[in-house]
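Just coords07.tsv here, TSV, N, CA and C atoms:
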chain	number	residue	atom	x	y	z
A	239	GLY	N	106.59	85.46	131.26
A	239	GLY	CA	105.94	86.73	131.08
A	239	GLY	C	105.06	87.09	132.26
A	240	ILE	N	104.59	88.27	132.20
A	240	ILE	CA	103.70	88.79	133.23
A	240	ILE	C	102.26	88.42	132.88
A	241	ARG	N	101.55	87.87	133.84
A	241	ARG	CA	100.15	87.48	133.62
A	241	ARG	C	99.16	88.35	134.38
A	242	SER	N	99.66	89.06	135.39
A	242	SER	CA	98.78	89.87	136.22
A	242	SER	C	99.55	91.07	136.76
A	243	VAL	N	98.81	92.15	137.01
A	243	VAL	CA	99.35	93.34	137.63
A	243	VAL	C	98.46	93.66	138.82
A	244	ILE	N	99.08	93.91	139.96
A	244	ILE	CA	98.32	94.20	141.18
A	244	ILE	C	98.59	95.63	141.60
A	245	SER	N	97.52	96.37	141.89
A	245	SER	CA	97.65	97.76	142.34
A	245	SER	C	96.40	98.14	143.12
A	246	THR	N	96.43	99.36	143.66
A	246	THR	CA	95.25	99.87	144.37
A	246	THR	C	94.25	100.48	143.40
A	247	SER	N	94.71	100.84	142.20
A	247	SER	CA	93.81	101.38	141.18
A	247	SER	C	94.53	101.39	139.83
A	248	PHE	N	93.75	101.55	138.77
A	248	PHE	CA	94.27	101.61	137.42
A	248	PHE	C	93.52	102.69	136.65
A	249	ALA	N	94.21	103.36	135.72
A	249	ALA	CA	93.53	104.27	134.81
A	249	ALA	C	92.61	103.43	133.92
A	250	ASP	N	91.47	103.99	133.54
A	250	ASP	CA	90.47	103.24	132.76
A	250	ASP	C	91.04	102.65	131.48
A	251	ILE	N	91.79	103.44	130.73
A	251	ILE	CA	92.33	102.95	129.45
A	251	ILE	C	93.29	101.79	129.69
A	252	PHE	N	94.18	101.92	130.65
A	252	PHE	CA	95.12	100.84	130.96
A	252	PHE	C	94.36	99.60	131.41
A	253	TYR	N	93.40	99.77	132.29
A	253	TYR	CA	92.62	98.65	132.83
A	253	TYR	C	91.94	97.88	131.70
A	254	ASN	N	91.26	98.60	130.80
A	254	ASN	CA	90.57	97.95	129.69
A	254	ASN	C	91.55	97.30	128.72
A	255	ASN	N	92.68	97.95	128.46
A	255	ASN	CA	93.67	97.38	127.55
A	255	ASN	C	94.29	96.10	128.12
A	256	CYS	N	94.39	96.01	129.43
A	256	CYS	CA	94.93	94.79	130.04
A	256	CYS	C	94.13	93.58	129.57
A	257	PHE	N	92.82	93.67	129.61
A	257	PHE	CA	91.98	92.54	129.22
A	257	PHE	C	92.14	92.23	127.74
A	258	GLN	N	92.30	93.27	126.92
A	258	GLN	CA	92.50	93.06	125.48
A	258	GLN	C	93.80	92.31	125.20
A	259	ASN	N	94.75	92.42	126.11
A	259	ASN	CA	96.06	91.80	125.92
A	259	ASN	C	96.29	90.57	126.80
A	260	GLY	N	95.23	90.08	127.43
A	260	GLY	CA	95.33	88.88	128.24
A	260	GLY	C	96.07	89.06	129.56
A	261	LEU	N	96.11	90.28	130.05
A	261	LEU	CA	96.75	90.60	131.32
A	261	LEU	C	95.67	90.88	132.36
A	262	LEU	N	95.74	90.23	133.50
A	262	LEU	CA	94.73	90.40	134.53
A	262	LEU	C	95.11	91.53	135.48
A	263	PRO	N	94.35	92.65	135.47
A	263	PRO	CA	94.59	93.71	136.44
A	263	PRO	C	93.81	93.42	137.73
A	264	VAL	N	94.52	93.35	138.84
A	264	VAL	CA	93.89	93.02	140.12
A	264	VAL	C	93.95	94.25	141.02
A	265	VAL	N	92.80	94.64	141.53
A	265	VAL	CA	92.72	95.79	142.44
A	265	VAL	C	92.55	95.27	143.86
A	266	LEU	N	93.52	95.64	144.71
A	266	LEU	CA	93.46	95.33	146.14
A	266	LEU	C	93.53	96.64	146.91
A	267	ASN	N	93.20	96.60	148.19
A	267	ASN	CA	93.29	97.83	148.97
A	267	ASN	C	94.75	98.12	149.32
A	268	GLY	N	95.02	99.32	149.77
A	268	GLY	CA	96.38	99.75	150.04
A	268	GLY	C	97.12	98.89	151.05
A	269	HIS	N	96.42	98.47	152.09
A	269	HIS	CA	97.05	97.63	153.12
A	269	HIS	C	97.49	96.29	152.52
A	270	GLU	N	96.65	95.71	151.67
A	270	GLU	CA	96.97	94.41	151.07
A	270	GLU	C	98.17	94.53	150.12
A	271	VAL	N	98.18	95.56	149.30
A	271	VAL	CA	99.31	95.78	148.38
A	271	VAL	C	100.58	96.00	149.18
A	272	GLN	N	100.50	96.78	150.25
A	272	GLN	CA	101.68	97.03	151.09
A	272	GLN	C	102.19	95.74	151.71
A	273	GLN	N	101.29	94.87	152.15
A	273	GLN	CA	101.71	93.59	152.73
A	273	GLN	C	102.45	92.76	151.68
A	274	LEU	N	101.93	92.73	150.45
A	274	LEU	CA	102.62	91.99	149.38
A	274	LEU	C	104.01	92.56	149.13
A	275	MET	N	104.13	93.88	149.10
A	275	MET	CA	105.42	94.52	148.88
A	275	MET	C	106.39	94.22	150.03
A	276	ASP	N	105.90	94.29	151.26
A	276	ASP	CA	106.75	94.01	152.42
A	276	ASP	C	107.26	92.58	152.39
A	277	GLU	N	106.40	91.65	152.06
A	277	GLU	CA	106.81	90.24	151.99
A	277	GLU	C	107.81	90.02	150.86
A	278	ALA	N	107.63	90.70	149.75
A	278	ALA	CA	108.56	90.55	148.62
A	278	ALA	C	109.96	91.05	149.00
A	279	ARG	N	110.02	92.07	149.83
A	279	ARG	CA	111.32	92.59	150.29
A	279	ARG	C	112.06	91.56	151.14
A	280	GLY	N	111.30	90.64	151.73
A	280	GLY	CA	111.90	89.61	152.57
A	280	GLY	C	112.56	88.49	151.78
A	281	GLY	N	112.50	88.54	150.47
A	281	GLY	CA	113.19	87.54	149.66
A	281	GLY	C	112.28	86.56	148.96
A	282	ASN	N	111.08	86.35	149.47
A	282	ASN	CA	110.16	85.43	148.81
A	282	ASN	C	109.23	86.25	147.91
A	283	HIS	N	109.39	86.11	146.62
A	283	HIS	CA	108.64	86.92	145.67
A	283	HIS	C	107.47	86.18	145.03
A	284	VAL	N	107.18	84.97	145.48
A	284	VAL	CA	106.14	84.17	144.85
A	284	VAL	C	104.76	84.57	145.37
A	285	VAL	N	103.99	85.16	144.47
A	285	VAL	CA	102.61	85.55	144.76
A	285	VAL	C	101.73	84.78	143.79
A	286	SER	N	100.68	84.19	144.29
A	286	SER	CA	99.77	83.42	143.45
A	286	SER	C	98.49	84.20	143.22
A	287	VAL	N	98.09	84.33	141.96
A	287	VAL	CA	96.83	84.97	141.60
A	287	VAL	C	95.95	83.91	140.97
A	288	ASP	N	94.80	83.68	141.57
A	288	ASP	CA	93.86	82.67	141.08
A	288	ASP	C	92.61	83.36	140.57
A	289	LEU	N	92.47	83.43	139.26
A	289	LEU	CA	91.33	84.11	138.67
A	289	LEU	C	90.03	83.39	138.98
A	290	GLU	N	90.05	82.07	138.91
A	290	GLU	CA	88.82	81.31	139.13
A	290	GLU	C	88.23	81.58	140.52
A	291	SER	N	89.08	81.58	141.55
A	291	SER	CA	88.57	81.85	142.90
A	291	SER	C	88.65	83.32	143.28
A	292	GLN	N	89.22	84.13	142.37
A	292	GLN	CA	89.36	85.57	142.58
A	292	GLN	C	90.13	85.87	143.87
A	293	THR	N	91.28	85.21	143.99
A	293	THR	CA	92.11	85.42	145.17
A	293	THR	C	93.57	85.67	144.78
A	294	VAL	N	94.25	86.38	145.67
A	294	VAL	CA	95.70	86.57	145.60
A	294	VAL	C	96.25	86.00	146.89
A	295	THR	N	97.26	85.13	146.77
A	295	THR	CA	97.88	84.54	147.95
A	295	THR	C	99.30	85.04	148.07
A	296	SER	N	99.61	85.62	149.21
A	296	SER	CA	100.93	86.20	149.46
A	296	SER	C	101.94	85.08	149.75
A	297	PRO	N	103.23	85.41	149.75
A	297	PRO	CA	104.24	84.41	150.09
A	297	PRO	C	104.03	83.75	151.46
A	298	SER	N	103.47	84.49	152.41
A	298	SER	CA	103.24	83.92	153.75
A	298	SER	C	101.94	83.12	153.84
A	299	GLY	N	101.14	83.16	152.76
A	299	GLY	CA	99.89	82.41	152.76
A	299	GLY	C	98.65	83.25	153.03
A	300	ALA	N	98.83	84.56	153.23
A	300	ALA	CA	97.67	85.44	153.41
A	300	ALA	C	96.88	85.48	152.10
A	301	VAL	N	95.57	85.41	152.21
A	301	VAL	CA	94.72	85.38	151.02
A	301	VAL	C	93.88	86.65	150.96
A	302	PHE	N	93.92	87.30	149.80
A	302	PHE	CA	93.14	88.51	149.56
A	302	PHE	C	92.19	88.23	148.39
A	303	THR	N	90.98	88.75	148.47
A	303	THR	CA	90.03	88.56	147.38
A	303	THR	C	89.93	89.83	146.54
A	304	PHE	N	89.55	89.64	145.29
A	304	PHE	CA	89.37	90.78	144.39
A	304	PHE	C	88.11	90.56	143.55
A	305	GLU	N	87.57	91.65	143.05
A	305	GLU	CA	86.38	91.62	142.22
A	305	GLU	C	86.77	91.72	140.74
A	306	ILE	N	85.97	91.10	139.90
A	306	ILE	CA	86.15	91.20	138.45
A	306	ILE	C	84.80	90.99	137.78
A	307	ASP	N	84.57	91.70	136.70
A	307	ASP	CA	83.36	91.54	135.92
A	307	ASP	C	83.27	90.09	135.44
A	308	GLN	N	82.11	89.47	135.59
A	308	GLN	CA	81.97	88.05	135.28
A	308	GLN	C	82.17	87.74	133.79
A	309	GLN	N	81.79	88.65	132.91
A	309	GLN	CA	82.02	88.43	131.47
A	309	GLN	C	83.51	88.44	131.17
A	310	ARG	N	84.23	89.37	131.74
A	310	ARG	CA	85.68	89.43	131.54
A	310	ARG	C	86.35	88.19	132.13
A	311	LYS	N	85.88	87.76	133.27
A	311	LYS	CA	86.43	86.55	133.90
A	311	LYS	C	86.23	85.36	132.98
A	312	HIS	N	85.03	85.21	132.45
A	312	HIS	CA	84.72	84.10	131.53
A	312	HIS	C	85.65	84.12	130.32
A	313	LYS	N	85.82	85.30	129.72
A	313	LYS	CA	86.67	85.41	128.54
A	313	LYS	C	88.12	85.06	128.86
A	314	MET	N	88.62	85.52	130.00
A	314	MET	CA	90.01	85.22	130.36
A	314	MET	C	90.19	83.73	130.69
A	315	LEU	N	89.26	83.15	131.42
A	315	LEU	CA	89.38	81.73	131.77
A	315	LEU	C	89.31	80.84	130.54
A	316	ASN	N	88.62	81.30	129.51
A	316	ASN	CA	88.45	80.51	128.30
A	316	ASN	C	89.34	80.96	127.14
A	317	GLY	N	90.22	81.92	127.43
A	317	GLY	CA	91.16	82.38	126.41
A	317	GLY	C	90.50	83.02	125.21
A	318	LEU	N	89.41	83.74	125.44
A	318	LEU	CA	88.65	84.34	124.34
A	318	LEU	C	89.04	85.79	124.11
A	319	ASP	N	89.36	86.11	122.86
A	319	ASP	CA	89.51	87.50	122.47
A	319	ASP	C	88.20	87.90	121.79
A	320	ALA	N	88.14	89.08	121.17
A	320	ALA	CA	86.90	89.55	120.55
A	320	ALA	C	86.43	88.59	119.45
A	321	ILE	N	87.36	88.07	118.68
A	321	ILE	CA	86.99	87.14	117.60
A	321	ILE	C	86.49	85.83	118.18
A	322	GLY	N	87.20	85.30	119.16
A	322	GLY	CA	86.78	84.06	119.80
A	322	GLY	C	85.41	84.17	120.45
A	323	GLU	N	85.15	85.31	121.03
A	323	GLU	CA	83.85	85.53	121.66
A	323	GLU	C	82.74	85.54	120.59
A	324	THR	N	83.02	86.18	119.47
A	324	THR	CA	82.04	86.21	118.37
A	324	THR	C	81.81	84.81	117.81
A	325	LEU	N	82.88	84.03	117.67
A	325	LEU	CA	82.75	82.68	117.12
A	325	LEU	C	81.93	81.75	118.00
A	326	GLN	N	81.80	82.07	119.27
A	326	GLN	CA	80.94	81.28	120.14
A	326	GLN	C	79.48	81.36	119.69
A	327	SER	N	79.14	82.42	118.97
A	327	SER	CA	77.77	82.61	118.48
A	327	SER	C	77.66	82.29	117.00
A	328	ALA	N	78.59	81.52	116.45
A	328	ALA	CA	78.60	81.24	115.01
A	328	ALA	C	77.29	80.62	114.54
A	329	GLY	N	76.74	79.70	115.30
A	329	GLY	CA	75.48	79.06	114.91
A	329	GLY	C	74.34	80.06	114.81
A	330	ALA	N	74.22	80.93	115.79
A	330	ALA	CA	73.17	81.95	115.78
A	330	ALA	C	73.38	82.94	114.64
A	331	ILE	N	74.62	83.27	114.36
A	331	ILE	CA	74.92	84.20	113.27
A	331	ILE	C	74.56	83.57	111.94
A	332	ASP	N	74.90	82.29	111.75
A	332	ASP	CA	74.55	81.59	110.51
A	332	ASP	C	73.04	81.52	110.32
A	333	THR	N	72.31	81.23	111.40
A	333	THR	CA	70.85	81.18	111.32
A	333	THR	C	70.28	82.53	110.93
A	334	TYR	N	70.77	83.59	111.54
A	334	TYR	CA	70.32	84.94	111.20
A	334	TYR	C	70.59	85.24	109.73
A	335	GLU	N	71.78	84.93	109.27
A	335	GLU	CA	72.15	85.21	107.88
A	335	GLU	C	71.24	84.45	106.90
A	336	MET	N	70.92	83.20	107.21
A	336	MET	CA	70.04	82.42	106.32
A	336	MET	C	68.64	83.01	106.30
A	337	LYS	N	68.11	83.37	107.47
A	337	LYS	CA	66.78	83.97	107.53
A	337	LYS	C	66.74	85.31	106.80
A	338	ARG	N	67.78	86.11	106.97
A	338	ARG	CA	67.83	87.39	106.30
A	338	ARG	C	67.90	87.21	104.78
A	339	ALA	N	68.67	86.23	104.33
A	339	ALA	CA	68.79	85.98	102.89
A	339	ALA	C	67.46	85.56	102.28
A	340	LEU	N	66.66	84.80	103.03
A	340	LEU	CA	65.34	84.40	102.55
A	340	LEU	C	64.34	85.56	102.57
A	341	ALA	N	64.41	86.36	103.61
A	341	ALA	CA	63.46	87.47	103.77
A	341	ALA	C	63.83	88.67	102.90
A	342	GLN	N	65.11	88.86	102.62
A	342	GLN	CA	65.57	90.02	101.84
A	342	GLN	C	66.62	89.59	100.82
A	343	PRO	N	66.19	88.83	99.82
A	343	PRO	CA	67.16	88.30	98.85
A	343	PRO	C	67.88	89.39	98.05
A	344	TRP	N	67.30	90.56	97.94
A	344	TRP	CA	67.94	91.63	97.19
A	344	TRP	C	69.21	92.14	97.86
A	345	LEU	N	69.39	91.81	99.14
A	345	LEU	CA	70.60	92.22	99.85
A	345	LEU	C	71.78	91.27	99.58
A	346	GLU	N	71.47	90.12	99.02
A	346	GLU	CA	72.52	89.15	98.71
A	346	GLU	C	73.25	89.59	97.46
A	347	GLY	N	74.53	89.75	97.57
A	347	GLY	CA	75.34	90.13	96.40
A	347	GLY	C	75.67	88.88	95.61
A	348	GLY	N	75.21	88.80	94.41
A	348	GLY	CA	75.51	87.57	93.71
A	348	GLY	C	75.23	87.62	92.32
Turn this file's structure into C-alpha cells for me.
Amino acid sequence: GIRSVISTSFADIFYNNCFQNGLLPVVLNGHEVQQLMDEARGGNHVVSVDLESQTVTSPSGAVFTFEIDQQRKHKMLNGLDAIGETLQSAGAIDTYEMKRALAQPWLEGG
C-alpha cells in the first residue's frame, strides 16, 4: 500500500484526512519534486521517506527535508489514532472521574 504522498502542496481537507488515515503527506519544493519525478523516469522508482528524520531520499541518494507538526509526527510514529491518543490519558481521565463523582455525586447515574 501507499504510506506517503509527496507534492508541492495539498488542499487542507486532503492534508488533514491523510493523517486520519495513516498516510503521510510530504510537502517539498517544486525543484525537489521534479528531481524525484525525473529520477523515477530513469527506471529506479525507489524513494525512501523517513518520518523520524523528516527526510526523503531519492533513488540517486539526494536527501530532502520536510516539516511536520510534532504532535502529528508523534501520533504517526506511535500508530495512534484519536482513540489511542485519548487512551494515553486513561489514568488522568480515571482520576478526574473519581474526583468528580466524589464532589458531585448527584451526577452519577445509579
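Here atom CA of A:His283 and atom CA of A:Lys311 stand 25.1 Å from one another.
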Residue nearest A:Val294 - candidates A:Ser327, A:Asn282, A:Leu318, A:Val243, atoms counted: only C-alpha atoms: A:Val243
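Shell of A:Gly260 at 7 Å, with all atoms listed in the file counted and residues fewer than 5 places along the chain excluded, is Arg241, Ser242, Asn255 and Met314 of chain A.
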For A:Phe302, which residue among A:Val284, A:Ala341, A:Ile244, A:Leu266 is the nearest when counting all atoms listed in the file? A:Leu266
As AutoDock Vina command-line options, please report the centre and edge lengths, rounded to one decimal in Å, of the axis-aligned box that holds all listed atoms of stretch 288-300 of chain A with 6 Å of padding on each of the six sides.
--center_x 96.2 --center_y 83.9 --center_z 146.3 --size_x 28.0 --size_y 17.3 --size_z 27.2
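When atom CA of A:Phe304 is paired with atom C of A:Gly281, their separation reads 23.7 Å.
Across the structure, atom N of A:Glu277 and atom C of A:Glu290 are spaced 23.8 Å apart.
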Give me the residues near A:Ile306 as number ranges by chain, where near means some atom within 9 Å (using only C-alpha atoms) and where sequence neighbours in that chain fewer than 2 positions away do not count. A: 264-265, 289, 292, 304, 308-311
Could you pull out all residues of chain A with a DSSP call of alpha helix (DSSP H) and give them as a count of residues only? 49
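Nearest-residue note for A:Gln258: choosing from A:Ala320, A:Leu315, A:Ser291, A:Ser245, the minimum distance belongs to A:Ala320, counting all atoms listed in the file.
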Provide stretch 279-319 of chain A of the preceding structure as a file containing C-alpha atoms, as a short mmCIF file (atom, residue, chain, number, x, y, z; two decimals), in the first residue's frame.
data_model
loop_
_atom_site.label_atom_id
_atom_site.label_comp_id
_atom_site.auth_asym_id
_atom_site.auth_seq_id
_atom_site.Cartn_x
_atom_site.Cartn_y
_atom_site.Cartn_z
CA ARG A 279 11.51 8.19 -15.26
CA GLY A 280 15.01 6.70 -15.35
CA GLY A 281 13.70 3.36 -14.13
CA ASN A 282 14.58 3.48 -10.44
CA HIS A 283 11.36 4.20 -8.57
CA VAL A 284 12.58 3.56 -5.02
CA VAL A 285 12.13 6.66 -2.88
CA SER A 286 12.63 6.47 0.87
CA VAL A 287 10.58 8.62 3.24
CA ASP A 288 11.83 8.70 6.82
CA LEU A 289 9.35 10.31 9.18
CA GLU A 290 11.64 10.15 12.20
CA SER A 291 14.40 12.16 10.49
CA GLN A 292 11.90 14.05 8.32
CA THR A 293 13.76 13.26 5.13
CA VAL A 294 13.02 11.98 1.64
CA THR A 295 15.84 10.18 -0.15
CA SER A 296 15.75 9.99 -3.94
CA PRO A 297 16.90 6.97 -5.96
CA SER A 298 20.25 8.70 -6.56
CA GLY A 299 20.72 9.38 -2.84
CA ALA A 300 19.76 13.06 -2.80
CA VAL A 301 18.20 13.92 0.56
CA PHE A 302 15.40 16.44 1.00
CA THR A 303 13.97 17.56 4.34
CA PHE A 304 10.35 18.29 5.15
CA GLU A 305 8.46 19.87 8.03
CA ILE A 306 5.69 18.24 10.05
CA ASP A 307 3.77 19.22 13.16
CA GLN A 308 5.43 17.46 16.12
CA GLN A 309 2.14 16.19 17.57
CA ARG A 310 1.18 14.61 14.25
CA LYS A 311 4.66 13.14 13.95
CA HIS A 312 4.36 11.60 17.43
CA LYS A 313 0.96 10.10 16.63
CA MET A 314 2.16 8.61 13.34
CA LEU A 315 5.37 7.20 14.80
CA ASN A 316 3.39 5.58 17.60
CA GLY A 317 0.46 4.42 15.48
CA LEU A 318 -2.04 6.49 17.43
CA ASP A 319 -5.48 7.36 16.14
#
